[in-house]
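Peer 1: Just so it is clear, I am handing over target_32.pdb, which has PDB, N, CA and C atoms.
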MODEL        1
ATOM      1  N   MET M 293       5.036  27.548  -3.673
ATOM      2  CA  MET M 293       4.905  28.995  -3.722
ATOM      3  C   MET M 293       4.332  29.367  -5.092
ATOM      4  N   ASP M 294       3.323  30.225  -5.117
ATOM      5  CA  ASP M 294       2.727  30.598  -6.391
ATOM      6  C   ASP M 294       3.565  31.671  -7.096
ATOM      7  N   LYS M 295       3.194  31.935  -8.341
ATOM      8  CA  LYS M 295       3.982  32.851  -9.176
ATOM      9  C   LYS M 295       4.029  34.260  -8.614
ATOM     10  N   ILE M 296       2.911  34.746  -8.090
ATOM     11  CA  ILE M 296       2.877  36.110  -7.534
ATOM     12  C   ILE M 296       3.791  36.206  -6.324
ATOM     13  N   ALA M 297       3.770  35.206  -5.468
ATOM     14  CA  ALA M 297       4.644  35.219  -4.292
ATOM     15  C   ALA M 297       6.111  35.219  -4.723
ATOM     16  N   LEU M 298       6.430  34.473  -5.769
ATOM     17  CA  LEU M 298       7.815  34.450  -6.258
ATOM     18  C   LEU M 298       8.235  35.825  -6.755
ATOM     19  N   LEU M 299       7.342  36.510  -7.470
ATOM     20  CA  LEU M 299       7.673  37.838  -7.983
ATOM     21  C   LEU M 299       7.881  38.834  -6.845
ATOM     22  N   ASN M 300       7.178  38.638  -5.758
ATOM     23  CA  ASN M 300       7.328  39.547  -4.618
ATOM     24  C   ASN M 300       8.621  39.317  -3.851
ATOM     25  N   HIS M 301       9.356  38.251  -4.169
ATOM     26  CA  HIS M 301      10.644  37.988  -3.518
ATOM     27  C   HIS M 301      11.831  38.500  -4.330
ATOM     28  N   ILE M 302      11.562  38.996  -5.534
ATOM     29  CA  ILE M 302      12.644  39.549  -6.354
ATOM     30  C   ILE M 302      13.134  40.836  -5.705
ATOM     31  N   ARG M 303      14.458  41.003  -5.671
ATOM     32  CA  ARG M 303      15.059  42.180  -5.044
ATOM     33  C   ARG M 303      16.063  42.808  -6.006
ATOM     34  N   LEU M 304      15.899  44.115  -6.243
ATOM     35  CA  LEU M 304      16.848  44.898  -7.041
ATOM     36  C   LEU M 304      17.149  46.185  -6.296
ATOM     37  N   ASN M 305      18.412  46.519  -6.199
ATOM     38  CA  ASN M 305      18.830  47.781  -5.590
ATOM     39  C   ASN M 305      18.226  47.977  -4.197
ATOM     40  N   GLY M 306      18.076  46.879  -3.463
ATOM     41  CA  GLY M 306      17.536  46.950  -2.112
ATOM     42  C   GLY M 306      16.026  47.051  -2.044
ATOM     43  N   ILE M 307      15.362  47.024  -3.189
ATOM     44  CA  ILE M 307      13.899  47.103  -3.227
ATOM     45  C   ILE M 307      13.365  45.706  -3.514
ATOM     46  N   GLU M 308      12.448  45.263  -2.659
ATOM     47  CA  GLU M 308      11.907  43.913  -2.810
ATOM     48  C   GLU M 308      10.493  43.969  -3.358
ATOM     49  N   GLY M 309      10.223  43.101  -4.317
ATOM     50  CA  GLY M 309       8.896  42.989  -4.899
ATOM     51  C   GLY M 309       8.765  43.766  -6.193
ATOM     52  N   VAL M 310       8.043  43.172  -7.116
ATOM     53  CA  VAL M 310       7.900  43.761  -8.448
ATOM     54  C   VAL M 310       7.219  45.123  -8.390
ATOM     55  N   ASP M 311       6.217  45.287  -7.529
ATOM     56  CA  ASP M 311       5.526  46.575  -7.450
ATOM     57  C   ASP M 311       6.493  47.711  -7.110
ATOM     58  N   GLY M 312       7.319  47.505  -6.107
ATOM     59  CA  GLY M 312       8.286  48.528  -5.714
ATOM     60  C   GLY M 312       9.339  48.764  -6.780
ATOM     61  N   ILE M 313       9.751  47.687  -7.448
ATOM     62  CA  ILE M 313      10.759  47.807  -8.496
ATOM     63  C   ILE M 313      10.193  48.595  -9.676
ATOM     64  N   ILE M 314       8.956  48.317 -10.050
ATOM     65  CA  ILE M 314       8.335  49.064 -11.145
ATOM     66  C   ILE M 314       8.189  50.532 -10.770
ATOM     67  N   ASP M 315       7.824  50.816  -9.533
ATOM     68  CA  ASP M 315       7.752  52.219  -9.091
ATOM     69  C   ASP M 315       9.113  52.895  -9.211
ATOM     70  N   MET M 316      10.184  52.172  -8.867
ATOM     71  CA  MET M 316      11.536  52.712  -8.989
ATOM     72  C   MET M 316      11.862  53.005 -10.451
ATOM     73  N   ILE M 317      11.455  52.116 -11.352
ATOM     74  CA  ILE M 317      11.708  52.324 -12.780
ATOM     75  C   ILE M 317      10.930  53.536 -13.286
ATOM     76  N   ILE M 318       9.690  53.678 -12.858
ATOM     77  CA  ILE M 318       8.889  54.849 -13.240
ATOM     78  C   ILE M 318       9.559  56.129 -12.757
ATOM     79  N   ASP M 319      10.043  56.127 -11.517
ATOM     80  CA  ASP M 319      10.743  57.304 -10.996
ATOM     81  C   ASP M 319      11.987  57.619 -11.823
ATOM     82  N   THR M 320      12.689  56.570 -12.248
ATOM     83  CA  THR M 320      13.888  56.761 -13.064
ATOM     84  C   THR M 320      13.526  57.406 -14.395
ATOM     85  N   ILE M 321      12.434  56.961 -14.992
ATOM     86  CA  ILE M 321      11.962  57.557 -16.249
ATOM     87  C   ILE M 321      11.563  59.007 -16.018
ATOM     88  N   ASP M 322      10.819  59.251 -14.934
ATOM     89  CA  ASP M 322      10.395  60.617 -14.623
ATOM     90  C   ASP M 322      11.582  61.550 -14.423
ATOM     91  N   ASP M 323      12.701  61.009 -13.929
ATOM     92  CA  ASP M 323      13.915  61.799 -13.733
ATOM     93  C   ASP M 323      14.676  62.022 -15.044
ATOM     94  N   GLY M 324      14.178  61.419 -16.136
ATOM     95  CA  GLY M 324      14.812  61.606 -17.440
ATOM     96  C   GLY M 324      15.944  60.652 -17.729
ATOM     97  N   ASP M 325      16.133  59.655 -16.889
ATOM     98  CA  ASP M 325      17.242  58.715 -17.053
ATOM     99  C   ASP M 325      16.758  57.463 -17.797
ATOM    100  N   LYS M 326      16.600  57.600 -19.129
ATOM    101  CA  LYS M 326      16.098  56.488 -19.927
ATOM    102  C   LYS M 326      17.049  55.297 -19.925
ATOM    103  N   GLU M 327      18.340  55.558 -19.978
ATOM    104  CA  GLU M 327      19.317  54.456 -19.982
ATOM    105  C   GLU M 327      19.272  53.701 -18.653
ATOM    106  N   GLY M 328      19.147  54.446 -17.563
ATOM    107  CA  GLY M 328      19.034  53.802 -16.255
ATOM    108  C   GLY M 328      17.784  52.947 -16.160
ATOM    109  N   ALA M 329      16.672  53.457 -16.691
ATOM    110  CA  ALA M 329      15.417  52.703 -16.676
ATOM    111  C   ALA M 329      15.545  51.427 -17.501
ATOM    112  N   LYS M 330      16.206  51.525 -18.658
ATOM    113  CA  LYS M 330      16.408  50.328 -19.480
ATOM    114  C   LYS M 330      17.263  49.307 -18.746
ATOM    115  N   ASP M 331      18.277  49.776 -18.026
ATOM    116  CA  ASP M 331      19.121  48.876 -17.251
ATOM    117  C   ASP M 331      18.303  48.160 -16.173
ATOM    118  N   TRP M 332      17.447  48.914 -15.452
ATOM    119  CA  TRP M 332      16.603  48.296 -14.420
ATOM    120  C   TRP M 332      15.658  47.266 -15.043
ATOM    121  N   LEU M 333      15.106  47.575 -16.213
ATOM    122  CA  LEU M 333      14.206  46.630 -16.877
ATOM    123  C   LEU M 333      14.930  45.358 -17.278
ATOM    124  N   ARG M 334      16.155  45.503 -17.762
ATOM    125  CA  ARG M 334      16.950  44.317 -18.122
ATOM    126  C   ARG M 334      17.230  43.466 -16.879
ATOM    127  N   GLN M 335      17.591  44.131 -15.783
ATOM    128  CA  GLN M 335      17.854  43.392 -14.549
ATOM    129  C   GLN M 335      16.597  42.710 -14.026
ATOM    130  N   LEU M 336      15.459  43.401 -14.115
ATOM    131  CA  LEU M 336      14.197  42.811 -13.680
ATOM    132  C   LEU M 336      13.864  41.588 -14.527
ATOM    133  N   LYS M 337      14.045  41.706 -15.835
ATOM    134  CA  LYS M 337      13.799  40.572 -16.727
ATOM    135  C   LYS M 337      14.680  39.384 -16.343
ATOM    136  N   ASP M 338      15.954  39.629 -16.108
ATOM    137  CA  ASP M 338      16.875  38.558 -15.716
ATOM    138  C   ASP M 338      16.434  37.896 -14.416
ATOM    139  N   GLU M 339      16.001  38.702 -13.456
ATOM    140  CA  GLU M 339      15.554  38.148 -12.173
ATOM    141  C   GLU M 339      14.272  37.332 -12.330
ATOM    142  N   ILE M 340      13.354  37.800 -13.159
ATOM    143  CA  ILE M 340      12.119  37.039 -13.394
ATOM    144  C   ILE M 340      12.452  35.693 -14.021
ATOM    145  N   TYR M 341      13.347  35.695 -15.011
ATOM    146  CA  TYR M 341      13.759  34.430 -15.618
ATOM    147  C   TYR M 341      14.433  33.525 -14.596
ATOM    148  N   ALA M 342      15.298  34.086 -13.775
ATOM    149  CA  ALA M 342      16.008  33.279 -12.777
ATOM    150  C   ALA M 342      15.037  32.666 -11.773
ATOM    151  N   VAL M 343      14.111  33.456 -11.279
ATOM    152  CA  VAL M 343      13.129  32.948 -10.308
ATOM    153  C   VAL M 343      12.245  31.901 -10.961
ATOM    154  N   SER M 344      11.815  32.157 -12.186
ATOM    155  CA  SER M 344      10.952  31.206 -12.884
ATOM    156  C   SER M 344      11.679  29.889 -13.103
ATOM    157  N   TYR M 345      12.920  29.961 -13.536
ATOM    158  CA  TYR M 345      13.678  28.743 -13.791
ATOM    159  C   TYR M 345      13.924  27.975 -12.499
ATOM    160  N   THR M 346      14.354  28.676 -11.471
ATOM    161  CA  THR M 346      14.718  28.022 -10.219
ATOM    162  C   THR M 346      13.520  27.398  -9.524
ATOM    163  N   HIS M 347      12.408  28.119  -9.474
ATOM    164  CA  HIS M 347      11.286  27.664  -8.661
ATOM    165  C   HIS M 347      10.175  26.979  -9.431
ATOM    166  N   LEU M 348      10.102  27.186 -10.721
ATOM    167  CA  LEU M 348       8.963  26.635 -11.453
ATOM    168  C   LEU M 348       9.327  25.492 -12.389
ATOM    169  N   THR M 349      10.604  25.293 -12.687
ATOM    170  CA  THR M 349      10.950  24.237 -13.635
ATOM    171  C   THR M 349      11.720  23.091 -13.012
ATOM    172  N   LEU M 350      12.151  23.246 -11.787
ATOM    173  CA  LEU M 350      12.870  22.149 -11.153
ATOM    174  C   LEU M 350      11.897  21.018 -10.853
ATOM    175  N   PRO M 351      12.306  19.796 -11.116
ATOM    176  CA  PRO M 351      11.398  18.681 -10.835
ATOM    177  C   PRO M 351      11.141  18.574  -9.331
ATOM    178  N   THR M 352       9.953  18.196  -9.007
ATOM    179  CA  THR M 352       9.619  18.001  -7.598
ATOM    180  C   THR M 352       9.959  16.578  -7.199
ATOM    181  N   LYS M 353      10.279  16.399  -5.969
ATOM    182  CA  LYS M 353      10.657  15.092  -5.462
ATOM    183  C   LYS M 353       9.396  14.261  -5.249
ATOM    184  N   ARG M 354       9.370  13.102  -5.864
ATOM    185  CA  ARG M 354       8.226  12.210  -5.703
ATOM    186  C   ARG M 354       8.488  11.231  -4.582
ATOM    187  N   ILE M 355       7.506  11.078  -3.764
ATOM    188  CA  ILE M 355       7.605  10.093  -2.686
ATOM    189  C   ILE M 355       6.896   8.835  -3.176
ATOM    190  N   VAL M 356       7.658   7.757  -3.190
ATOM    191  CA  VAL M 356       7.096   6.491  -3.695
ATOM    192  C   VAL M 356       6.822   5.562  -2.558
TER     193      VAL M 356
ENDMDL
END
Would you write out, as structure tokens, the structure that this file holds?
Peer 2:
Amino acid sequence: MDKIALLNHIRLNGIEGVDGIIDMIIDTIDDGDKEGAKDWLRQLKDEIYAVSYTHLTLPTKRIV
């Protein structure tokens, strides 16, 4: 699975995919909730790290 596909599988607050999550964060900022937006950004960062670690750094099984 490529990196873009992995990012599209991230889910926060019932919203799947980075595009939708970023739109949610923009809406939160537009509503004046800066602390809420910062919280969503922190959660998004954690999910990106988790997906990257789980799917991109695990060794692949070699068939000998």
Peer 1: For region 319-321 of chain M, work out the shell of residues within 12 Å, counting only C-alpha atoms and skipping chain neighbours fewer than 5 positions away, then give it as a PDB file with N, CA and C atoms, in the coordinates of the input.
Peer 2:
ATOM      1  N   GLY M 312       7.319  47.505  -6.107  1.00  0.00           N
ATOM      2  CA  GLY M 312       8.286  48.528  -5.714  1.00  0.00           C
ATOM      3  C   GLY M 312       9.339  48.764  -6.780  1.00  0.00           C
ATOM      4  N   ILE M 313       9.751  47.687  -7.448  1.00  0.00           N
ATOM      5  CA  ILE M 313      10.759  47.807  -8.496  1.00  0.00           C
ATOM      6  C   ILE M 313      10.193  48.595  -9.676  1.00  0.00           C
ATOM      7  N   ILE M 314       8.956  48.317 -10.050  1.00  0.00           N
ATOM      8  CA  ILE M 314       8.335  49.064 -11.145  1.00  0.00           C
ATOM      9  C   ILE M 314       8.189  50.532 -10.770  1.00  0.00           C
ATOM     10  N   LYS M 326      16.600  57.600 -19.129  1.00  0.00           N
ATOM     11  CA  LYS M 326      16.098  56.488 -19.927  1.00  0.00           C
ATOM     12  C   LYS M 326      17.049  55.297 -19.925  1.00  0.00           C
ATOM     13  N   GLU M 327      18.340  55.558 -19.978  1.00  0.00           N
ATOM     14  CA  GLU M 327      19.317  54.456 -19.982  1.00  0.00           C
ATOM     15  C   GLU M 327      19.272  53.701 -18.653  1.00  0.00           C
ATOM     16  N   GLY M 328      19.147  54.446 -17.563  1.00  0.00           N
ATOM     17  CA  GLY M 328      19.034  53.802 -16.255  1.00  0.00           C
ATOM     18  C   GLY M 328      17.784  52.947 -16.160  1.00  0.00           C
ATOM     19  N   ALA M 329      16.672  53.457 -16.691  1.00  0.00           N
ATOM     20  CA  ALA M 329      15.417  52.703 -16.676  1.00  0.00           C
ATOM     21  C   ALA M 329      15.545  51.427 -17.501  1.00  0.00           C
ATOM     22  N   LYS M 330      16.206  51.525 -18.658  1.00  0.00           N
ATOM     23  CA  LYS M 330      16.408  50.328 -19.480  1.00  0.00           C
ATOM     24  C   LYS M 330      17.263  49.307 -18.746  1.00  0.00           C
ATOM     25  N   ASP M 331      18.277  49.776 -18.026  1.00  0.00           N
ATOM     26  CA  ASP M 331      19.121  48.876 -17.251  1.00  0.00           C
ATOM     27  C   ASP M 331      18.303  48.160 -16.173  1.00  0.00           C
ATOM     28  N   TRP M 332      17.447  48.914 -15.452  1.00  0.00           N
ATOM     29  CA  TRP M 332      16.603  48.296 -14.420  1.00  0.00           C
ATOM     30  C   TRP M 332      15.658  47.266 -15.043  1.00  0.00           C
ATOM     31  N   LEU M 333      15.106  47.575 -16.213  1.00  0.00           N
ATOM     32  CA  LEU M 333      14.206  46.630 -16.877  1.00  0.00           C
ATOM     33  C   LEU M 333      14.930  45.358 -17.278  1.00  0.00           C
TER      34      LEU M 333
END
Peer 1: Select from region 304-352 of chain M everything DSSP, run on the backbone, classes as alpha helix (DSSP H), then give the selection as a VMD selection string.
Peer 2: chain M and resid 310 to 322 326 to 348
Peer 1: Quick one, how far is CA of His301 (chain M) from CA of Ala342 (chain M)?
Peer 2: 11.7 Å
Peer 1: Can you work out the spacing between atom C of Leu298 (chain M) and atom C of Ile340 (chain M) in Å, to one decimal?
Peer 2: 8.4 Å
Peer 1: Can you list every residue in region 301-346 of chain M that DSSP puts in strand (DSSP E), as an NGL selection string?
Peer 2: :M and (303-304 or 307-308)
Peer 1: I'd like the residues picked by the PyMOL selection byres (((chain M and resi 295-297 and name CA) around 12) and name CA) written out as a ChimeraX atom specification, using the chain letters and numbers from the file.
Peer 2: /M:293-294,298-302,308-311,340-341,343-349
Peer 1: So how far away is atom N of Met316 (chain M) from atom C of Glu339 (chain M), in Å?
Peer 2: 15.8 Å
